[in-house]
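*Asks:* Shown below is the structure under consideration.
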There are 2 protein chains.
Amino acid sequence: MSQSLDIAVIGATGTVGETLVQLLEEREFPVGNLYLLASGESAGASVPFKGRNLRVRDVADFDFAQVKLVFFAAGEAATRSFAASATGAGCSIIDLSGALDASEAPSLVPEANPQLLEGLVPPYSLSSPSASAVALACVLAPLKGLLKPQRLSVLANLAVSSRGREGVNELARQTAELLNARPLEPRFFDRQIAFNIFAQVAAPDAQGHIALERRLGAEIKQLLGEPGLRVAATCALAPVFFGDSLAVSLVAEQAVDLAAVRECLSRAPGVEFVEEEGDYPTAVGDAVGQDSVYVGRVRGGLDDPCELNLWIASDNARKGAALNAVQSAELLIKHYLSKILT
Amino acid sequence: MSQSLDIAVIGATGTVGETLVQLLEEREFPVGNLYLLASGESAGASVPFKGRNLRVRDVADFDFAQVKLVFFAAGEAATRSFAASATGAGCSIIDLSGALDASEAPSLVPEANPQLLEGLVPPYSLSSPSASAVALACVLAPLKGLLKPQRLSVLANLAVSSRGREGVNELARQTAELLNARPLEPRFFDRQIAFNIFAQVAAPDAQGHIALERRLGAEIKQLLGEPGLRVAATCALAPVFFGDSLAVSLVAEQAVDLAAVRECLSRAPGVEFVEEEGDYPTAVGDAVGQDSVYVGRVRGGLDDPCELNLWIASDNARKGAALNAVQSAELLIKHYLSKILT
C-alpha cells in the first residue's frame with residue numbers, strides 16, 4: 001500500500017517495545033513519522049529504526065493529535081494514564097498491557113479471531129492479549145470446532161523476560177553468583193530464581209489468583225468465543241531468559257480424534273507443529289526468535305478419551321506480544337485504513 | 001526396638017541410594033549388617049555409614065540369603081534382574097525403580113495408605129512410588145474424603161537430578177559454558193537444558209505418553225484408592241538441580257470448601273502448608289533437604305466452584321524416594337518384624 005501512518009510507540013525502550021520497533025521495520029509496516037515514547041526515566045534514550053537512531057521522548061509531553069495509531073507497550077499504569085488522551089485525539093490504539101478490559105479494547109489474535117474486525121467503529125481500540133493467551137489461541141482456535149472444549153487446564157512456565165529487563169538481568173546475575181560459589185543476594189526478585197521455579201509471577205489477590213491468571217482466563221474465552229469454557233490457569237516463573245512453555249490439558253465434548261487434531265495443527269496458520277515421533281518443541285532452540293507458536297506432545301488422556309494434552313513453546317516478547325500487536329495493526333489497516341487516516 | 005535387620009541396598013552409589021544410606025544412619029534404623037551393592041561399573045566405590053567407609057560390591061555376586069530386607073534403588077533393569085533372587089531367598093524388598101507393578105509390589109506412602117500393610121503375607125514386596133506420586137499422595141490423601149476427586153491434572157517440573165548425577169553435571173556444565181559465552185555442546189541430554197525446559201523426561205510410547213507419566217497416573221490412583229480418578233500427567237524437565245515443582249488442578253465432586261481444605265492441610269502429616277498471604281513454597285529454599293512435602297497457592301477455580309488448584313514442592317531424591325522407602329521399611333518392621341526375621 002502506498003499510504004502511510006504516523007505512529008507512536010509507548011514503552012519503546014522495554015523488551016517488548018524494542019522488538020515492536022524492529023518488527024515495524026522488518027515487516028515494512030507503512031510507517032510515516034514514528035514517535036518513540038516512554039515515561040520520564042527512559043526518555044532521552046535512543047532506539048534504532050531504519051538506519052537512524054530515534055530519540056525517545058517523554059510520553060507526558062506528547063500531543064497525540066500528531067499520530068493516527070498508538071501502541072501501548074509499557075505497563076498498565078501508562079495505558080491507564082494516556083489511553084483516553086490518545087483515543088480522545090482520534091487515534092486508534094493497540095494496548096499490550098492488559099489494562100483495558102474486553103468492553104474497552106477487545107483482544108485480537110489475527111490467527112484466532114480475525115472476525116473481531118467486522119463492524120468496529122473508529123477510533124479503534126484493540127488489546128494484544130497476554131503472551132500465553134496469544135500462544136494458546138493460535139493453537140486452540142483451529143481446533144475449536146473439532147473439540148468443542150469444555151475445560152482447559154494451563155500451566156504456563158513463563159520466562160523471566162516477562163518481568164522485563166530487570167528479570168533477565170537478575171537471573172543472569174544470580175546464576176553467575178551461584179556458579180562462582182558466591183553468596184546469593186536476591187535483589188529484583190525476593191528469592192532465588194536461578195535453578196528454581198516460582199509458583200507465581202506476582203502477588204495474588206484475596207482469592208489466591210494472580211492478575212495474569214485472571215487475564216489469561218478471560219482472554220482465552222473471548223478469543224475462542226467460548227464464554228462457558230472452564231479455565232484453570234497457573235502462571236509460574238521459570239529460570240529461562242526468553243520463551244514461554246505451556247503444558248495444556250483440555251477436556252472436549254466428545255472423544256478426541258487425534259488424527260484430525262494432528263491434521264488440523266499441521267495446517268494451522270502461525271503454528272509450527274512438531275510431529276516427528278519422539279521429538280518435541282522447546283522455548284530455547286525452537287520458539288525464541290520465531291514468528292510461529294510451536295506445539296508438540298499431542299496425545300490423548302491416560303484415562304479419558306475426551307482429553308487432549310499438548311505442549312506449547314512460544315517467544316513471549318516477539319510472537320506473544322510485539323508481533324501479535326503489529327499483525328493486529330496490519331489487519332486493522334487492511335480493513336479500515338481510509339477511516340483511520342481521516 | 002532392640003532387634004536389628006541385615007540389609008542390602010542396591011544402587012548405593014546413585015543420588016537416591018546414597019541418600020537412603022544416610023537416612024538409615026540419621027533415623028537410627030535398626031541395621032545389623034549393611035551390604036551396599038551396585039552393578040559392575042560402580043562396584044569398588046565406597047560409601048560412608050556410621051563413621052566407616054563401606055565398600056560397594058557387585059550385586060551379581062551377592063547371596064541374598066545373607067539379608068532380610070533389600071532396597072532396590074538402582075534402575076528398572078537391576079530390579080528386573082535381581083528382585084526374584086531376593087524374594088526367592090526370603091527377603092522382603094522395597095523397590096524404588098518402578099519396575100514392578102501393583103500386583104507384584106503395591107505402592108506405599110506411609111502418610112497416605114498405611115492400611116496397605118494390613119493382611120500382607122511374607123516375603124513382603126513393596127514399591128516406593130515415583131517422587132511426584134509421593135508428593136501428590138501426601139497432599140491429596142488427607143483431602144480425599146473432603147473432595148471426592150473426579151479429575152486430576154498434574155504438570156510436574158522435574159529436577160535434573162531425576163536423571164541422576166549425569167543430569168546434575170550436565171546442567172552445571174551447560175550453564176557454565178553459556179555464561180562464559182562458549183559454544184554449547186549437549187552431551188548427556190540431546191539439547192540445551194540450561195535456561196530451557198524440556199517437554200518430556202524420556203522418550204514417549206506410541207500413544208505419546210512417557211513411562212513416568214503412566215506410572216504416576218497408576219500410582220496415584222492406587223495410593224488414593226481411587227481407581228476411577230481421571231489423571232492427566234505431564235512430566236517436564238526443568239533447569240533445576242534438586243526438587244520437583246508440581247502444578248495441580250483437581251476437580252472435586254462438589255463445590256470445594258477452601259477453609260476446610262486449608263484446615264486439613266495444616267494438620268496433614270508429612271506436609272508443610274505455606275499459608276501466609278502472598279507467600280508460596282519453592283523447591284530450592286523450602287523443600288530441598290527437608291522431610292516434608294511443601295504445598296501452597298491453595299485456591300479455587302476461576303470458573304468452577306468444584307475446582308481446587310495447588311502448588312507442591314518436594315525434594316525428589318529425599319522425600320520423594322529415599323525417605324519414603326525408609327519410612328515404608330519402618331512401617332513394615334513395626335507391623336511384621338518377627339515375621340521378617342524368621
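Identifiers for the C-alpha cells are assigned positionally: chains receive A, B, ... in sequence, residues are indexed from 1 per chain, and ligands are indexed from 1 in the order shown.
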Between chain B and chain A, at 8 Å or less, what are the per-residue closest atom pairs and their distances in Å? Count only C-alpha atoms, order by chain and rising residue number, and return it as CSV.
*Replies:*
```
residue,atom,partner,partner_atom,distance
B:Ser153,CA,A:Ser249,CA,7.3
B:Leu155,CA,A:Ala247,CA,6.8
B:Ala172,CA,A:Leu179,CA,8.0
B:Ala176,CA,A:Leu179,CA,7.2
B:Leu179,CA,A:Ala176,CA,7.2
B:Gln192,CA,A:Val284,CA,7.6
B:Ala194,CA,A:Val240,CA,8.0
B:Phe195,CA,A:Val240,CA,4.2
B:Asn196,CA,A:Val240,CA,5.5
B:Ile197,CA,A:Thr282,CA,6.4
B:Phe198,CA,A:Thr282,CA,6.1
B:Ala199,CA,A:Tyr280,CA,6.5
B:Gln200,CA,A:Tyr280,CA,8.0
B:Ala203,CA,A:Gly278,CA,5.7
B:Pro204,CA,A:Gly278,CA,5.9
B:Gln207,CA,A:Arg299,CA,6.4
B:Gly208,CA,A:Arg299,CA,5.4
B:His209,CA,A:Arg299,CA,7.2
B:Arg214,CA,A:Leu302,CA,7.1
B:Gly217,CA,A:Leu302,CA,7.5
B:Arg230,CA,A:Asp303,CA,5.3
B:Val231,CA,A:Asp303,CA,6.4
B:Ala232,CA,A:Gly301,CA,6.2
B:Ala233,CA,A:Leu302,CA,8.0
B:Thr234,CA,A:Ala247,CA,7.2
B:Pro239,CA,A:Phe195,CA,5.7
B:Val240,CA,A:Phe195,CA,4.2
B:Phe241,CA,A:Phe195,CA,6.4
B:Ser245,CA,A:Ile197,CA,7.2
B:Ala247,CA,A:Leu155,CA,6.9
B:Ser249,CA,A:Ala232,CA,7.0
B:Gly278,CA,A:Ala203,CA,5.7
B:Tyr280,CA,A:Ala199,CA,6.5
B:Pro281,CA,A:Ala199,CA,7.2
B:Thr282,CA,A:Phe198,CA,6.1
B:Ala283,CA,A:Asn196,CA,6.5
B:Val284,CA,A:Asn196,CA,5.7
B:Gly285,CA,A:Gln192,CA,7.6
B:Arg297,CA,A:Gly208,CA,6.4
B:Val298,CA,A:Gly208,CA,7.0
B:Arg299,CA,A:Gly208,CA,5.5
B:Gly300,CA,A:Gln207,CA,7.5
B:Gly301,CA,A:Ala232,CA,6.2
B:Leu302,CA,A:Ala232,CA,6.4
B:Asp303,CA,A:Arg230,CA,5.3
B:Asp304,CA,A:Arg230,CA,6.4
B:Asn309,CA,A:Ala232,CA,7.8
B:Trp311,CA,A:Ala199,CA,6.6
```
*Asks:* Got a sec to tell me which of stretch 209-325 of chain A DSSP assigns to strand (DSSP E), as a ChimeraX atom specification?
*Replies:* /A:230-237,244-252,271-273,293-300,307-314
*Asks:* Write the residues of the selection above to a file with C-alpha atoms, as an mmCIF file, in the first residue's frame.
*Replies:*
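Wrote it out as out-v7.cif, contents follow:
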```cif
data_model
loop_
_atom_site.group_PDB
_atom_site.id
_atom_site.type_symbol
_atom_site.label_atom_id
_atom_site.label_comp_id
_atom_site.auth_asym_id
_atom_site.auth_seq_id
_atom_site.Cartn_x
_atom_site.Cartn_y
_atom_site.Cartn_z
ATOM 1 C CA ARG A 230 -13.886 -23.534 32.448
ATOM 2 C CA VAL A 231 -10.254 -22.444 32.652
ATOM 3 C CA ALA A 232 -7.677 -23.417 35.274
ATOM 4 C CA ALA A 233 -4.535 -21.296 34.943
ATOM 5 C CA THR A 234 -1.259 -21.239 36.840
ATOM 6 C CA CYS A 235 1.457 -18.809 35.769
ATOM 7 C CA ALA A 236 4.804 -19.858 37.218
ATOM 8 C CA LEU A 237 8.176 -18.199 36.684
ATOM 9 C CA ASP A 244 7.236 -19.466 27.499
ATOM 10 C CA SER A 245 6.456 -23.189 27.869
ATOM 11 C CA LEU A 246 2.832 -24.216 28.381
ATOM 12 C CA ALA A 247 1.504 -27.601 29.441
ATOM 13 C CA VAL A 248 -2.120 -27.794 28.322
ATOM 14 C CA SER A 249 -4.786 -30.341 29.198
ATOM 15 C CA LEU A 250 -8.177 -29.919 27.594
ATOM 16 C CA VAL A 251 -11.450 -31.793 28.000
ATOM 17 C CA ALA A 252 -13.515 -31.977 24.818
ATOM 18 C CA VAL A 271 1.612 -22.631 14.214
ATOM 19 C CA GLU A 272 4.615 -24.934 13.778
ATOM 20 C CA PHE A 273 3.561 -28.473 14.639
ATOM 21 C CA VAL A 293 3.926 -20.771 18.040
ATOM 22 C CA TYR A 294 5.397 -24.266 18.430
ATOM 23 C CA VAL A 295 3.228 -27.181 19.526
ATOM 24 C CA GLY A 296 4.009 -30.828 20.195
ATOM 25 C CA ARG A 297 3.410 -33.760 22.541
ATOM 26 C CA VAL A 298 -0.097 -34.081 21.093
ATOM 27 C CA ARG A 299 -1.650 -37.004 22.949
ATOM 28 C CA GLY A 300 -4.902 -38.216 24.407
ATOM 29 C CA GLU A 307 -8.965 -35.435 26.899
ATOM 30 C CA LEU A 308 -6.296 -33.773 24.756
ATOM 31 C CA ASN A 309 -2.820 -32.893 26.031
ATOM 32 C CA LEU A 310 -0.387 -30.526 24.337
ATOM 33 C CA TRP A 311 2.909 -28.749 24.921
ATOM 34 C CA ILE A 312 3.323 -25.235 23.542
ATOM 35 C CA ALA A 313 6.505 -23.150 23.273
ATOM 36 C CA SER A 314 6.385 -19.524 22.167
#
```
*Asks:* Taking into account only C-alpha atoms, which residue in the set B:Gly225, B:Gly40, B:Gly11, B:Gly289 is nearest to B:Ala317?
*Replies:*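 Distance minimum relative to B:Ala317 lands on B:Gly289.
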*Asks:* Find the spatial neighbours of B:Gly75, counting only C-alpha atoms, within a cut-off of 10 Å - ignore same-chain residues fewer than 6 positions away - and output them as a list of chain:residue names.
*Replies:*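 Those residues are B:Ile10, B:Gly11, B:Gly14, B:Asp95, B:Leu96, B:Ser97, B:Gly98, B:Ala99.
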*Asks:* Just want the 8 Å neighbourhood of A:Cys138, counted on only C-alpha atoms, with same-chain residues fewer than 6 positions away dropped. Output as a PDB file with C-alpha atoms, in the first residue's frame.
*Replies:*
```pdb
ATOM      1  CA  VAL A 109      -5.059 -12.605  17.706  1.00  0.00           C
ATOM      2  CA  GLU A 111      -4.875 -16.235  13.505  1.00  0.00           C
ATOM      3  CA  ALA A 112      -7.674 -16.862  16.026  1.00  0.00           C
ATOM      4  CA  ALA A 268      -2.872 -24.027  11.227  1.00  0.00           C
ATOM      5  CA  PRO A 269      -1.601 -20.509  10.405  1.00  0.00           C
ATOM      6  CA  GLY A 270       1.061 -19.161  12.757  1.00  0.00           C
ATOM      7  CA  VAL A 271       1.612 -22.631  14.214  1.00  0.00           C
ATOM      8  CA  VAL A 293       3.926 -20.771  18.040  1.00  0.00           C
TER       9      VAL A 293
END
```
*Asks:* Under the rule that only C-alpha atoms are counted, which of B:Ala321, B:Ala211, B:Leu146, B:Leu337 is the nearest residue to B:Glu263?
*Replies:*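 Nearest candidate to B:Glu263 out of B:Ala321, B:Ala211, B:Leu146, B:Leu337: B:Leu146.
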*Asks:* Within 9 Å of A:Asp101, counting only C-alpha atoms, which residues qualify if same-chain residues fewer than 6 places away don't, as a list in words?
*Replies:* Ser107, Ser127 and Arg215 of chain A
*Asks:* Please write the residues from the selection above to a file, keeping C-alpha atoms, as a PDB file, in the first residue's frame.
*Replies:*
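Output (part_4.pdb):
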```
ATOM      1  CA  SER A 107      -8.397  -8.900  22.378  1.00  0.00           C
ATOM      2  CA  SER A 127      -5.834  -5.321  23.013  1.00  0.00           C
ATOM      3  CA  ARG A 215      -6.420 -12.083  32.437  1.00  0.00           C
TER       4      ARG A 215
END
```
*Asks:* Might you pull out every residue within 10 Å of B:Glu26, with only C-alpha atoms counted and same-chain residues fewer than 6 positions away left off, and present them as a ChimeraX atom specification?
*Replies:* /B:20,49-50
*Asks:* Leaving out A:Pro106 and any residue of its chain fewer than 5 positions from it, which residues lie within 9 Å of it when counting only C-alpha atoms, given as a list of chain:residue names?
*Replies:*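 Here the answer would be A:Leu100, A:Asp101, A:Leu116, A:Ser125, A:Leu126, A:Ser127, A:Ser128, A:Pro129, A:Glu219, A:Gln222, A:Leu223.
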*Asks:* Hey, which of B:Leu331, B:Ala133, B:Ala8, B:Leu117 ends up closest to B:Asn316? Count only C-alpha atoms.
*Replies:* B:Ala133
*Asks:* If you run DSSP over the backbone, which residues in stretch 127-257 of chain A end up alpha helix (DSSP H)? Put them as a PyMOL selection string.
*Replies:* chain A and resi 131-140+144-147+164-179+211-224
*Asks:* Could you tell me how far atom CA of B:Ser81 sits from atom CA of B:Ala65, in Å to one decimal place?
*Replies:*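 Computing it gives 16.3 Å between the two atoms.
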